[in-house]
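Coordinates from run.cif are shown below (mmCIF, C-alpha atoms).
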data_run
loop_
_atom_site.group_PDB
_atom_site.id
_atom_site.type_symbol
_atom_site.label_atom_id
_atom_site.label_comp_id
_atom_site.auth_asym_id
_atom_site.auth_seq_id
_atom_site.Cartn_x
_atom_site.Cartn_y
_atom_site.Cartn_z
ATOM 1 C CA MET A 1 -20.149 -4.429 21.520
ATOM 2 C CA GLN A 2 -20.983 -0.754 21.027
ATOM 3 C CA ASP A 3 -18.803 1.294 18.685
ATOM 4 C CA ASP A 4 -17.290 4.085 20.839
ATOM 5 C CA ARG A 5 -16.691 6.297 17.816
ATOM 6 C CA THR A 6 -20.342 6.135 16.876
ATOM 7 C CA SER A 7 -21.328 6.945 20.467
ATOM 8 C CA SER A 8 -19.167 10.080 20.449
ATOM 9 C CA CYS A 9 -20.884 11.416 17.335
ATOM 10 C CA PHE A 10 -24.387 10.297 18.277
ATOM 11 C CA PRO A 11 -25.028 10.333 22.047
ATOM 12 C CA GLY A 12 -27.547 7.792 23.281
ATOM 13 C CA VAL A 13 -26.871 4.992 20.793
ATOM 14 C CA THR A 14 -29.901 2.706 20.509
ATOM 15 C CA ALA A 15 -30.684 -0.694 19.041
ATOM 16 C CA VAL A 16 -31.653 1.044 15.804
ATOM 17 C CA ASP A 17 -28.167 2.495 15.511
ATOM 18 C CA ARG A 18 -26.416 -0.793 16.234
ATOM 19 C CA LEU A 19 -27.971 -2.199 13.072
ATOM 20 C CA HIS A 20 -26.410 0.646 11.084
ATOM 21 C CA ALA A 21 -23.491 1.725 13.313
ATOM 22 C CA ALA A 22 -20.703 1.503 10.736
ATOM 23 C CA ASP A 23 -22.760 3.163 7.997
ATOM 24 C CA LEU A 24 -23.917 5.991 10.290
ATOM 25 C CA GLN A 25 -20.346 6.653 11.383
ATOM 26 C CA ALA A 26 -19.182 6.636 7.758
ATOM 27 C CA LEU A 27 -21.907 9.091 6.740
ATOM 28 C CA HIS A 28 -21.085 11.465 9.595
ATOM 29 C CA SER A 29 -17.371 11.247 8.793
ATOM 30 C CA TYR A 30 -18.097 11.948 5.124
ATOM 31 C CA TRP A 31 -20.066 15.104 5.983
ATOM 32 C CA ALA A 32 -17.457 16.234 8.541
ATOM 33 C CA GLY A 33 -14.685 15.675 6.011
ATOM 34 C CA LEU A 34 -16.367 18.100 3.619
ATOM 35 C CA CYS A 35 -16.461 20.900 6.203
ATOM 36 C CA GLU A 36 -14.004 23.733 5.603
ATOM 37 C CA GLY A 37 -13.115 25.102 9.001
ATOM 38 C CA ALA A 38 -16.282 26.647 10.417
ATOM 39 C CA GLU A 39 -18.087 26.407 7.069
ATOM 40 C CA VAL A 40 -20.609 23.655 6.469
ATOM 41 C CA PRO A 41 -20.373 21.818 3.122
ATOM 42 C CA ARG A 42 -22.269 22.890 0.029
ATOM 43 C CA ARG A 43 -25.156 20.838 -1.307
ATOM 44 C CA SER A 44 -23.187 20.390 -4.535
ATOM 45 C CA ASP A 45 -20.352 18.728 -2.568
ATOM 46 C CA ILE A 46 -22.533 15.725 -1.690
ATOM 47 C CA ASN A 47 -21.837 12.684 -3.867
ATOM 48 C CA PRO A 48 -24.373 9.825 -3.491
ATOM 49 C CA ARG A 49 -21.621 7.288 -4.156
ATOM 50 C CA HIS A 50 -20.106 8.150 -0.770
ATOM 51 C CA ILE A 51 -23.335 7.559 1.169
ATOM 52 C CA GLY A 52 -22.905 3.808 0.793
ATOM 53 C CA GLY A 53 -25.213 1.427 2.619
ATOM 54 C CA LEU A 54 -27.595 4.185 3.741
ATOM 55 C CA LEU A 55 -28.476 5.464 0.272
ATOM 56 C CA SER A 56 -32.093 4.300 0.556
ATOM 57 C CA ASN A 57 -32.358 6.025 3.969
ATOM 58 C CA ALA A 58 -30.749 9.299 2.944
ATOM 59 C CA PHE A 59 -32.369 12.497 1.731
ATOM 60 C CA ILE A 60 -31.784 16.179 1.015
ATOM 61 C CA VAL A 61 -34.138 18.877 2.285
ATOM 62 C CA GLU A 62 -34.469 22.543 1.404
ATOM 63 C CA ARG A 63 -35.499 25.202 3.891
ATOM 64 C CA ILE A 64 -38.481 27.087 2.470
ATOM 65 C CA ALA A 65 -39.459 29.044 5.614
ATOM 66 C CA PRO A 66 -38.351 29.124 9.270
ATOM 67 C CA GLY A 67 -39.087 25.667 10.660
ATOM 68 C CA VAL A 68 -40.342 24.342 7.307
ATOM 69 C CA THR A 69 -38.419 22.101 4.908
ATOM 70 C CA ARG A 70 -39.220 20.337 1.668
ATOM 71 C CA LEU A 71 -37.730 17.041 0.508
ATOM 72 C CA ARG A 72 -35.708 17.613 -2.659
ATOM 73 C CA VAL A 73 -34.193 14.122 -2.937
ATOM 74 C CA ALA A 74 -35.296 11.076 -0.938
ATOM 75 C CA GLY A 75 -34.274 7.435 -0.679
ATOM 76 C CA LEU A 76 -36.665 4.566 -1.255
ATOM 77 C CA HIS A 77 -37.083 3.861 2.465
ATOM 78 C CA LEU A 78 -38.869 7.181 2.969
ATOM 79 C CA ASN A 79 -41.202 6.372 0.073
ATOM 80 C CA ALA A 80 -41.941 3.005 1.679
ATOM 81 C CA LEU A 81 -42.742 4.602 5.042
ATOM 82 C CA MET A 82 -45.233 7.001 3.458
ATOM 83 C CA GLY A 83 -46.535 4.619 0.793
ATOM 84 C CA MET A 84 -45.941 7.227 -1.911
ATOM 85 C CA GLU A 85 -43.314 9.371 -3.602
ATOM 86 C CA VAL A 86 -42.198 11.862 -0.945
ATOM 87 C CA ARG A 87 -40.129 14.200 -3.095
ATOM 88 C CA GLY A 88 -41.592 17.687 -2.779
ATOM 89 C CA MET A 89 -43.353 16.903 0.508
ATOM 90 C CA PRO A 90 -42.524 18.573 3.852
ATOM 91 C CA LEU A 91 -40.157 16.509 5.986
ATOM 92 C CA SER A 92 -42.662 17.016 8.807
ATOM 93 C CA SER A 93 -45.031 14.665 6.955
ATOM 94 C CA LEU A 94 -43.158 11.851 8.715
ATOM 95 C CA ILE A 95 -43.843 13.398 12.154
ATOM 96 C CA THR A 96 -47.111 13.173 14.089
ATOM 97 C CA PRO A 97 -49.136 16.417 14.103
ATOM 98 C CA ALA A 98 -48.742 16.783 17.893
ATOM 99 C CA ALA A 99 -44.939 16.879 17.582
ATOM 100 C CA ARG A 100 -44.614 19.175 14.572
ATOM 101 C CA GLU A 101 -44.308 22.413 16.534
ATOM 102 C CA THR A 102 -41.297 21.057 18.410
ATOM 103 C CA PHE A 103 -39.874 19.638 15.186
ATOM 104 C CA ALA A 104 -40.183 23.054 13.529
ATOM 105 C CA LEU A 105 -38.238 24.688 16.379
ATOM 106 C CA ALA A 106 -35.481 22.102 15.998
ATOM 107 C CA LEU A 107 -35.285 22.861 12.268
ATOM 108 C CA VAL A 108 -34.769 26.547 13.084
ATOM 109 C CA ASP A 109 -31.662 25.600 15.064
ATOM 110 C CA LEU A 110 -30.458 23.271 12.299
ATOM 111 C CA PHE A 111 -30.224 26.142 9.835
ATOM 112 C CA GLU A 112 -29.752 29.256 11.982
ATOM 113 C CA ARG A 113 -27.176 28.159 14.564
ATOM 114 C CA PRO A 114 -26.303 26.072 12.450
ATOM 115 C CA ALA A 115 -26.275 22.720 14.257
ATOM 116 C CA ARG A 116 -26.767 19.003 13.742
ATOM 117 C CA LEU A 117 -29.954 17.270 14.846
ATOM 118 C CA ASP A 118 -30.238 13.781 16.322
ATOM 119 C CA ILE A 119 -33.846 12.704 16.931
ATOM 120 C CA ASP A 120 -35.194 9.473 18.423
ATOM 121 C CA LEU A 121 -38.508 8.346 16.942
ATOM 122 C CA HIS A 122 -41.343 6.022 17.911
ATOM 123 C CA ALA A 123 -44.405 4.905 15.934
ATOM 124 C CA LYS A 124 -47.235 3.300 17.868
ATOM 125 C CA ALA A 125 -48.711 -0.024 16.844
ATOM 126 C CA GLY A 126 -52.114 0.014 15.156
ATOM 127 C CA LEU A 127 -54.264 -1.975 12.776
ATOM 128 C CA GLY A 128 -51.838 -3.439 10.257
ATOM 129 C CA ARG A 129 -49.087 -1.251 11.670
ATOM 130 C CA PRO A 130 -46.466 -2.847 13.950
ATOM 131 C CA GLU A 131 -44.629 -0.719 16.499
ATOM 132 C CA MET A 132 -41.514 0.921 15.075
ATOM 133 C CA THR A 133 -38.565 2.881 16.412
ATOM 134 C CA GLY A 134 -36.215 5.077 14.457
ATOM 135 C CA ARG A 135 -33.445 7.647 14.388
ATOM 136 C CA LEU A 136 -33.494 10.823 12.310
ATOM 137 C CA LEU A 137 -30.167 12.581 11.749
ATOM 138 C CA LEU A 138 -29.724 15.926 9.983
ATOM 139 C CA TRP A 139 -26.538 17.745 8.935
ATOM 140 C CA PRO A 140 -26.701 21.343 7.605
ATOM 141 C CA LEU A 141 -25.548 22.235 4.095
ATOM 142 C CA ARG A 142 -25.050 25.473 2.180
ATOM 143 C CA SER A 143 -26.738 26.256 -1.112
ATOM 144 C CA ASP A 144 -24.655 27.349 -4.093
ATOM 145 C CA LEU A 145 -25.375 30.927 -2.967
ATOM 146 C CA GLY A 146 -23.625 30.211 0.337
ATOM 147 C CA ASP A 147 -26.621 30.370 2.679
ATOM 148 C CA VAL A 148 -27.352 27.477 5.042
ATOM 149 C CA SER A 149 -30.671 26.413 3.534
ATOM 150 C CA ARG A 150 -30.142 22.739 2.692
ATOM 151 C CA ALA A 151 -29.552 19.676 4.862
ATOM 152 C CA LEU A 152 -28.400 16.114 4.429
ATOM 153 C CA GLY A 153 -30.542 13.689 6.386
ATOM 154 C CA CYS A 154 -30.777 10.010 7.210
ATOM 155 C CA LEU A 155 -33.737 8.099 8.650
ATOM 156 C CA VAL A 156 -33.135 4.563 9.929
ATOM 157 C CA THR A 157 -35.902 2.462 11.469
ATOM 158 C CA GLN A 158 -36.421 -0.856 13.216
ATOM 159 C CA GLY A 159 -39.602 -2.896 12.831
ATOM 160 C CA ASP A 160 -41.893 -3.789 9.954
ATOM 161 C CA ILE A 161 -43.548 -0.885 8.171
ATOM 162 C CA GLY A 162 -46.871 -2.619 7.692
ATOM 163 C CA ARG A 163 -49.640 -0.428 6.325
ATOM 164 C CA ALA A 164 -48.466 3.011 5.181
ATOM 165 C CA SER A 165 -48.389 5.863 5.895
ATOM 166 C CA ARG A 166 -46.278 5.745 9.076
ATOM 167 C CA ARG A 167 -45.726 8.814 11.234
ATOM 168 C CA PHE A 168 -43.477 9.105 14.262
ATOM 169 C CA GLU A 169 -43.526 10.716 17.675
ATOM 170 C CA MET A 170 -40.238 12.236 18.807
ATOM 171 C CA THR A 171 -39.014 10.742 22.070
ATOM 172 C CA SER A 172 -35.917 12.966 22.269
ATOM 173 C CA VAL A 173 -34.263 15.681 20.213
ATOM 174 C CA ARG A 174 -30.576 16.547 20.541
ATOM 175 C CA VAL A 175 -29.156 19.763 19.064
ATOM 176 C CA LEU A 176 -25.456 19.083 18.461
ATOM 177 C CA PRO A 177 -22.601 21.469 17.600
ATOM 178 C CA LEU A 178 -21.041 21.096 14.169
ATOM 179 C CA ASP A 179 -17.682 20.349 15.755
ATOM 180 C CA ASP A 180 -17.879 17.632 18.425
ATOM 181 C CA SER A 181 -15.334 19.570 20.503
ATOM 182 C CA ALA A 182 -17.036 22.964 20.143
ATOM 183 C CA ALA A 183 -19.655 24.940 22.068
ATOM 184 C CA PRO A 184 -20.555 24.108 25.682
ATOM 185 C CA ALA A 185 -23.916 22.529 26.366
ATOM 186 C CA ALA A 186 -26.808 24.799 27.240
ATOM 187 C CA LYS A 187 -27.840 24.838 30.884
ATOM 188 C CA PRO A 188 -31.301 23.464 31.724
ATOM 189 C CA ASN A 189 -34.010 25.938 30.677
ATOM 190 C CA GLU A 190 -31.486 28.138 28.840
ATOM 191 C CA ALA A 191 -33.168 29.476 25.695
ATOM 192 C CA LEU A 192 -31.540 28.333 22.472
ATOM 193 C CA HIS A 193 -31.252 30.391 19.299
ATOM 194 C CA GLY A 194 -34.375 29.009 17.654
ATOM 195 C CA GLY A 195 -36.569 29.298 20.723
ATOM 196 C CA LEU A 196 -35.971 25.800 22.067
ATOM 197 C CA ARG A 197 -35.189 25.197 25.726
ATOM 198 C CA GLY A 198 -33.174 22.555 27.484
ATOM 199 C CA GLU A 199 -36.258 20.433 28.145
ATOM 200 C CA TRP A 200 -39.218 20.498 25.751
ATOM 201 C CA PRO A 201 -42.081 17.977 25.921
ATOM 202 C CA VAL A 202 -43.995 16.981 22.808
ATOM 203 C CA ARG A 203 -47.659 17.801 23.261
ATOM 204 C CA GLY A 204 -50.052 14.882 23.194
ATOM 205 C CA ALA A 205 -47.429 12.126 23.225
ATOM 206 C CA ALA A 206 -48.894 9.620 25.688
ATOM 207 C CA ARG A 207 -46.370 8.542 28.337
ATOM 208 C CA ARG A 208 -43.512 9.658 26.080
ATOM 209 C CA ARG A 209 -41.642 12.945 26.194
ATOM 210 C CA ALA A 210 -39.280 14.494 23.706
ATOM 211 C CA HIS A 211 -36.480 16.516 25.260
ATOM 212 C CA LEU A 212 -34.568 19.115 23.280
ATOM 213 C CA ARG A 213 -31.092 19.779 24.546
ATOM 214 C CA VAL A 214 -27.756 20.993 23.295
ATOM 215 C CA VAL A 215 -25.025 18.369 23.618
ATOM 216 C CA LYS A 216 -21.303 19.022 23.673
#
Would you write out, as structure tokens, the structure that this file holds?
Amino acid sequence: MQDDRTSSCFPGVTAVDRLHAADLQALHSYWAGLCEGAEVPRRSDINPRHIGGLLSNAFIVERIAPGVTRLRVAGLHLNALMGMEVRGMPLSSLITPAARETFALALVDLFERPARLDIDLHAKAGLGRPEMTGRLLLWPLRSDLGDVSRALGCLVTQGDIGRASRRFEMTSVRVLPLDDSAAPAAKPNEALHGGLRGEWPVRGAARRRAHLRVVK
């Protein structure tokens, strides 16, 4: 049975989410509980003890340029996916080169709107690399200076990792308001703040398309 509360926070719940439904809901509720009105939480407000069962999947990124982020703290699952220590690496290292332009535009919205991101992922099978699916969630955070330049993230996957490094296509990208009851959805082809549009295909993704859209 699908958890309706999880569905309301994360539209399009998949099999990946059902494996982690309670933990994903708890992590979202933790972040939302730290919000002060329209203000997103500060990076210093995040306590790893409250991340619970997703600690190995969680990470913190820092915005270093528009559309570019660097991993400041990362759970062991991200290290396993890349086969190396990922701290200090761009978050886009986990994304296929063909999808990185679209990913960068989504990151602009994450920090400049600000907004939440909910991204479906797919990694093709290859030699020593089984097919994988995943979900990447990002919540904006403020630095101690008050600017929105940090983000809390979580990457959950389904399938064996096999031979690292693993990189993912994006099959859909959802730009979500901070408050689930706020901000109407953008109309199809309506330009978003960071240059995204209602429908945006990932270049070079064979038979798979990533769609960027604002969700109520």
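Taking atom CA of A:Ile60 and atom CA of A:Leu136 as endpoints, the distance between them is 12.6 Å.
Taken over the shown file, the PyMOL selection byres ((chain A and resi 99-111) around 6) identifies Pro66, Gly67, Thr96, Pro97, Ala98, Glu112, Arg113, Pro114, Ala115, Arg116, Val148, Gly194 and Val202 of chain A.
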_Can you measure atom CA of A:Arg166 to atom CA of A:Gly134 for me? One decimal in Å is fine._
11.4 Å
*Decode the PyMOL selection byres ((chain A and resi 82) around 9) for the given file into explicit residues and return them as an MDAnalysis selection string.*
chainID A and resid 77:81 83:86 93:94 164:167
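Minimum distance to A:Ala151 across A:Ala123, A:Val73, A:Val61, A:Ala32 (counting only C-alpha atoms) occurs at A:Val61.
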*When the PyMOL selection byres ((chain A and resi 124) around 10) is applied to the file above, which residues end up in the set, as a ChimeraX atom specification?*
/A:122-123,125-126,129-133,166-169
_Just to confirm, what's the straight-line distance from atom CA of A:Gly53 to atom CA of A:Leu76 in Å (one decimal)?_
12.5 Å
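Of the residues under consideration (A:Asp147, A:Glu36, A:Asp160, A:Asp45), A:Asp160 shows the shortest atom-to-atom contact distance to A:Gly128 when counting only C-alpha atoms.
The smallest atom-to-atom distance between A:Arg42 and any of A:Ala74, A:Ala21, A:Val175, A:Leu141, using only C-alpha atoms, is found for A:Leu141.
Once stretch 37-39 of chain A and its same-chain neighbours fewer than 3 positions away are set aside, Arg42, Arg142, Leu178 and Asp179 of chain A remain within 9 Å of it when counting only C-alpha atoms.
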Once you have the residues from the selection above, write them out as a compact mmCIF listing (two decimals), in the coordinates of the input, restricted to C-alpha atoms.
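Heads up, here's the output in result_27.txt:
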# COMPACT_ATOMS: atom_id res chain seq x y z
CA ARG A 42 -22.27 22.89 0.03
CA ARG A 142 -25.05 25.47 2.18
CA LEU A 178 -21.04 21.10 14.17
CA ASP A 179 -17.68 20.35 15.76
Selection: 7 Å around A:Asp120, all atoms listed in the file, excl. self and same-chain fewer than 5 positions, as a compact mmCIF listing (two decimals) with C-alpha atoms, in the frame of the given file:
# COMPACT_ATOMS: atom_id res chain seq x y z
CA GLY A 134 -36.22 5.08 14.46
CA ARG A 135 -33.44 7.65 14.39
CA LEU A 136 -33.49 10.82 12.31
CA MET A 170 -40.24 12.24 18.81
CA THR A 171 -39.01 10.74 22.07
CA SER A 172 -35.92 12.97 22.27
CA VAL A 173 -34.26 15.68 20.21
If the box runs along x, y and z of the file and leaves 5 Å on each side of stretch 86-105 of chain A, what are its centre and edge lengths in Å, one decimal, as JSON?
{"center_x": -43.7, "center_y": 18.3, "center_z": 7.7, "size_x": 20.9, "size_y": 22.8, "size_z": 31.5}
